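Heads up, structure.cif below (mmCIF, C-alpha atoms):
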data_final
loop_
_atom_site.label_atom_id
_atom_site.label_comp_id
_atom_site.auth_asym_id
_atom_site.auth_seq_id
_atom_site.Cartn_x
_atom_site.Cartn_y
_atom_site.Cartn_z
CA MET A 142 140.46 45.32 142.42
CA ALA A 143 136.74 44.79 142.12
CA LEU A 144 134.79 44.21 138.95
CA SER A 145 131.20 43.33 138.20
CA ARG A 146 132.35 40.40 136.05
CA PRO A 147 135.00 37.69 136.44
CA LYS A 148 138.54 38.47 135.26
CA ARG A 149 141.81 36.61 135.58
CA PRO A 150 144.69 38.10 137.57
CA ILE A 151 147.09 40.31 135.63
CA GLU A 152 150.61 41.56 136.22
CA ILE A 153 151.60 45.15 135.51
CA LYS A 154 155.23 46.18 136.02
CA ASN A 155 155.95 43.32 138.47
CA THR A 156 152.77 43.89 140.49
CA ARG A 157 150.09 41.20 140.49
CA PHE A 158 146.49 42.39 140.52
CA GLU A 159 143.69 40.03 141.50
CA PHE A 160 140.08 40.88 140.82
CA ILE A 161 137.13 40.33 143.11
CA GLU A 162 133.70 40.00 141.54
CA LEU A 163 131.05 42.23 143.12
CA SER A 164 127.40 42.69 142.29
CA PRO A 165 126.66 45.99 140.53
CA LYS A 166 124.83 47.09 143.72
CA ARG A 167 128.14 46.94 145.61
CA MET A 168 130.14 48.95 143.05
CA PHE A 169 130.63 52.16 145.01
CA GLY A 170 133.36 53.88 147.00
CA ARG A 171 136.08 53.99 144.40
CA GLU A 172 138.27 56.72 143.01
CA GLU A 173 140.54 57.04 140.00
CA THR A 174 144.28 57.16 140.57
CA GLU A 175 147.46 56.48 138.64
CA LYS A 176 149.70 53.49 139.37
CA ALA A 177 152.85 52.78 137.38
CA GLY A 178 151.68 55.18 134.67
CA GLU A 179 148.28 53.49 134.33
CA LYS A 180 144.91 54.92 135.36
CA VAL A 181 143.14 52.55 137.73
CA TYR A 182 140.20 52.68 140.10
CA VAL A 183 140.86 51.88 143.74
CA SER A 184 138.58 51.90 146.73
CA ASP A 185 138.60 54.98 148.93
CA MET A 186 139.66 54.74 152.58
CA GLU A 187 136.17 54.20 153.99
CA ARG A 188 135.35 51.45 151.51
CA THR A 189 138.73 49.80 152.06
CA VAL A 190 138.15 49.64 155.82
CA LEU A 191 134.69 48.12 155.37
CA ASP A 192 135.97 45.63 152.78
CA ALA A 193 138.75 44.57 155.16
CA ILE A 194 136.21 43.88 157.91
CA ASP A 195 133.74 42.25 155.51
CA ARG A 196 136.30 40.02 153.76
CA PRO A 197 139.26 39.75 156.15
CA GLU A 198 140.61 36.70 154.34
CA LEU A 199 141.56 39.01 151.45
CA VAL A 200 143.66 41.38 153.57
CA GLY A 201 145.52 39.11 155.99
CA GLY A 202 142.78 38.39 158.52
CA ILE A 203 140.69 40.26 161.06
CA GLU A 204 143.91 41.44 162.69
CA ALA A 205 144.82 43.32 159.47
CA ALA A 206 141.28 44.74 159.41
CA ALA A 207 141.72 45.93 163.02
CA GLU A 208 144.96 47.63 162.04
CA ALA A 209 143.18 49.34 159.12
CA VAL A 210 140.48 50.64 161.50
CA PHE A 211 143.12 51.92 163.93
CA ASP A 212 145.31 53.54 161.25
CA SER A 213 142.43 55.28 159.47
CA GLY A 214 140.27 56.10 162.50
CA LYS A 215 141.11 59.81 162.64
CA LYS A 216 141.22 60.26 158.86
CA MET A 217 137.92 58.67 157.80
CA LYS A 218 135.00 60.74 156.61
CA PHE A 219 132.30 59.42 158.93
CA PRO A 220 129.27 60.59 156.91
CA LYS A 221 130.65 58.64 153.96
CA LEU A 222 131.33 55.61 156.16
CA LEU A 223 127.73 55.69 157.43
CA ASP A 224 126.40 55.96 153.88
CA TYR A 225 128.49 52.94 152.85
CA LEU A 226 127.34 50.93 155.86
CA ARG A 227 123.72 51.60 154.94
CA ARG A 228 124.41 50.52 151.36
CA PHE A 229 126.10 47.31 152.53
CA ASP A 230 123.09 46.61 154.77
CA ASP A 231 125.05 43.98 156.70
CA SER A 232 124.45 43.76 160.45
CA ALA A 233 127.51 41.59 161.17
CA LEU A 234 129.77 44.06 159.34
CA ALA A 235 128.33 46.96 161.33
CA ARG A 236 128.75 45.10 164.63
CA ARG A 237 132.35 44.13 163.85
CA LEU A 238 133.11 47.75 163.02
CA GLY A 239 131.45 48.93 166.24
CA TYR A 240 133.37 46.41 168.34
CA LEU A 241 136.70 47.27 166.72
CA CYS A 242 136.15 51.03 167.05
CA GLU A 243 135.28 50.60 170.71
CA LEU A 244 138.26 48.34 171.35
CA LEU A 245 140.65 50.62 169.47
CA LYS A 246 139.23 53.81 171.03
CA VAL A 247 138.19 55.30 167.68
CA ARG A 248 135.75 58.10 168.48
CA LEU A 249 132.62 58.02 166.36
CA PRO A 250 130.03 60.73 165.80
CA LYS A 251 126.61 60.20 167.38
CA ASP A 252 124.75 59.35 164.18
CA LEU A 253 127.25 56.64 163.20
CA SER A 254 127.45 55.28 166.74
CA GLY A 255 123.65 55.16 166.90
CA TYR A 256 123.44 53.31 163.59
CA LEU A 257 125.98 50.71 164.75
CA SER A 258 124.19 50.22 168.08
CA GLY A 259 120.93 49.72 166.20
CA GLN A 260 122.37 46.70 164.39
CA THR A 261 122.71 44.57 167.52
CA ASN A 262 119.25 42.99 167.63
CA ARG A 263 120.28 40.12 165.37
CA LEU A 264 121.63 36.64 165.99
CA PRO A 265 125.21 36.62 167.23
CA ALA A 266 127.95 36.76 164.61
CA TYR A 267 131.63 35.83 164.86
CA LEU A 268 134.36 38.45 165.07
CA GLY A 269 136.86 36.28 163.17
CA MET A 270 136.18 33.76 160.43
CA PRO A 271 135.22 30.47 162.14
CA GLY A 272 137.21 28.45 159.61
CA ARG A 273 140.39 30.06 160.89
CA TRP A 274 139.55 30.94 164.49
CA GLY A 275 136.95 28.33 165.46
CA LYS A 276 133.54 28.96 166.99
CA GLU A 277 134.49 29.24 170.66
CA GLY A 278 134.78 32.46 172.60
CA PRO A 279 132.87 34.76 174.91
CA LEU A 280 129.81 36.60 173.67
CA ASP A 281 130.18 40.37 173.68
CA LYS A 282 126.64 41.29 174.75
CA ARG A 283 126.82 44.89 173.55
CA TRP A 284 127.75 43.96 169.98
CA ARG A 285 126.29 40.43 169.93
CA LEU A 286 129.59 39.06 168.64
CA VAL A 287 131.34 35.85 169.57
CA ILE A 288 134.87 37.04 170.30
CA ASN A 289 136.63 34.02 168.86
CA VAL A 290 139.96 35.82 168.27
CA PRO A 291 142.40 36.24 171.17
CA LYS A 292 142.79 39.97 171.88
CA GLN A 293 146.58 39.75 171.74
CA GLU A 294 146.43 38.30 168.22
CA LEU A 295 143.66 40.67 167.13
CA LEU A 296 145.67 43.73 168.14
CA GLY A 297 148.99 42.44 166.71
CA GLU A 298 151.15 45.51 166.14
CA VAL A 299 148.45 47.99 167.22
CA HIS A 300 149.37 49.94 170.34
CA ILE A 301 146.41 51.80 171.77
CA GLY A 302 147.50 54.98 173.52
#
Hey, can you dump this file as structure tokens for me?
Amino acid sequence: MALSRPKRPIEIKNTRFEFIELSPKRMFGREETEKAGEKVYVSDMERTVLDAIDRPELVGGIEAAAEAVFDSGKKMKFPKLLDYLRRFDDSALARRLGYLCELLKVRLPKDLSGYLSGQTNRLPAYLGMPGRWGKEGPLDKRWRLVINVPKQELLGEVHIG
């Protein structure tokens, strides 16, 4: 869960909830739902996918983020995803998303694809977190990403058809 102020983890009905502090500018993309009889706010699908790519260490790594992109690819609302990407204003996030969508054969509308392609004029970024995956790997020239995660590990349980 994300909050605009620090909060200690809590446990509700045997489920542990940890809170991530976000700036007020980044508090968007959430919806109200009910869990275990309690009303809570959770991120919507598009925000969850971007958060997984932006902070893969919180979801099990870039391989879990790739799985999220693959699983939600046909269900995402692309205008909303584009709006969120613009609000994030993070070139590395956009390039990682572009690379993963291309790799996983997620079809994107022209406006979103164009936005992602327009983010590639920056310094190279790493696909995976260098602390976990190191800094070595080939440079993907299209996305200006150092592909420092072996494809077999990145794809994990994902089977592209």
Decode the PyMOL selection byres ((chain A and resi 280-297) around 7) for the given file into explicit residues and return them as an mmCIF file with C-alpha atoms, in the frame of the given file.
data_model
loop_
_atom_site.group_PDB
_atom_site.id
_atom_site.type_symbol
_atom_site.label_atom_id
_atom_site.label_comp_id
_atom_site.auth_asym_id
_atom_site.auth_seq_id
_atom_site.Cartn_x
_atom_site.Cartn_y
_atom_site.Cartn_z
ATOM 1 C CA ILE A 203 140.690 40.260 161.060
ATOM 2 C CA GLU A 204 143.910 41.440 162.690
ATOM 3 C CA ALA A 207 141.720 45.930 163.020
ATOM 4 C CA ARG A 236 128.750 45.100 164.630
ATOM 5 C CA TYR A 240 133.370 46.410 168.340
ATOM 6 C CA THR A 261 122.710 44.570 167.520
ATOM 7 C CA PRO A 265 125.210 36.620 167.230
ATOM 8 C CA ALA A 266 127.950 36.760 164.610
ATOM 9 C CA TYR A 267 131.630 35.830 164.860
ATOM 10 C CA LEU A 268 134.360 38.450 165.070
ATOM 11 C CA GLY A 269 136.860 36.280 163.170
ATOM 12 C CA TRP A 274 139.550 30.940 164.490
ATOM 13 C CA GLY A 275 136.950 28.330 165.460
ATOM 14 C CA LYS A 276 133.540 28.960 166.990
ATOM 15 C CA GLU A 277 134.490 29.240 170.660
ATOM 16 C CA GLY A 278 134.780 32.460 172.600
ATOM 17 C CA PRO A 279 132.870 34.760 174.910
ATOM 18 C CA GLU A 298 151.150 45.510 166.140
ATOM 19 C CA VAL A 299 148.450 47.990 167.220
#
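Proximity to Phe211 (chain A) was assessed for A:Tyr225, A:Glu179, A:Ile301, A:Glu152 counting only C-alpha atoms; the smallest distance is recorded for A:Ile301.
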Check: So which residues get picked by the PyMOL selection byres ((chain A and resi 193) around 12) here, written as a VMD selection string?
Finding: chain A and resid 184 186 to 192 194 to 210 234 237 to 238 269
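CA of Arg149 (chain A) is positioned 21.3 Å from CA of Thr174 (chain A).
Checking A:Val247, A:Leu222, A:Leu257, A:Leu264 one by one against Ala235 (chain A), counting only C-alpha atoms, you find the shortest gap at A:Leu257.
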Margin query: Env of Leu249 (chain A): 12 Å cut, atoms = only C-alpha atoms, seq-sep filter 5 positions within chain, self excluded. Answer as an MDAnalysis selection string.
Written below: chainID A and resid 210 214:220 222:223 238:243 254:258
Checklist line | Straight-line distance linking CA of Arg227 (chain A) with CA of Lys166 (chain A), stated in Å to one decimal | finding: 12.1 Å
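Atom pair CA of Asn155 (chain A) / CA of Tyr182 (chain A): separated by 18.4 Å.
Of the listed residues A:Val183, A:Ala233, A:Leu226, A:Ala177, the one whose atoms come nearest to Arg263 (chain A) is A:Ala233, with distances taken using all atoms listed in the file.
Using all atoms listed in the file, the shortest contact distance between Asp224 (chain A) and any of A:Met270, A:Glu175, A:Asp252, A:Arg157 is found at A:Asp252.
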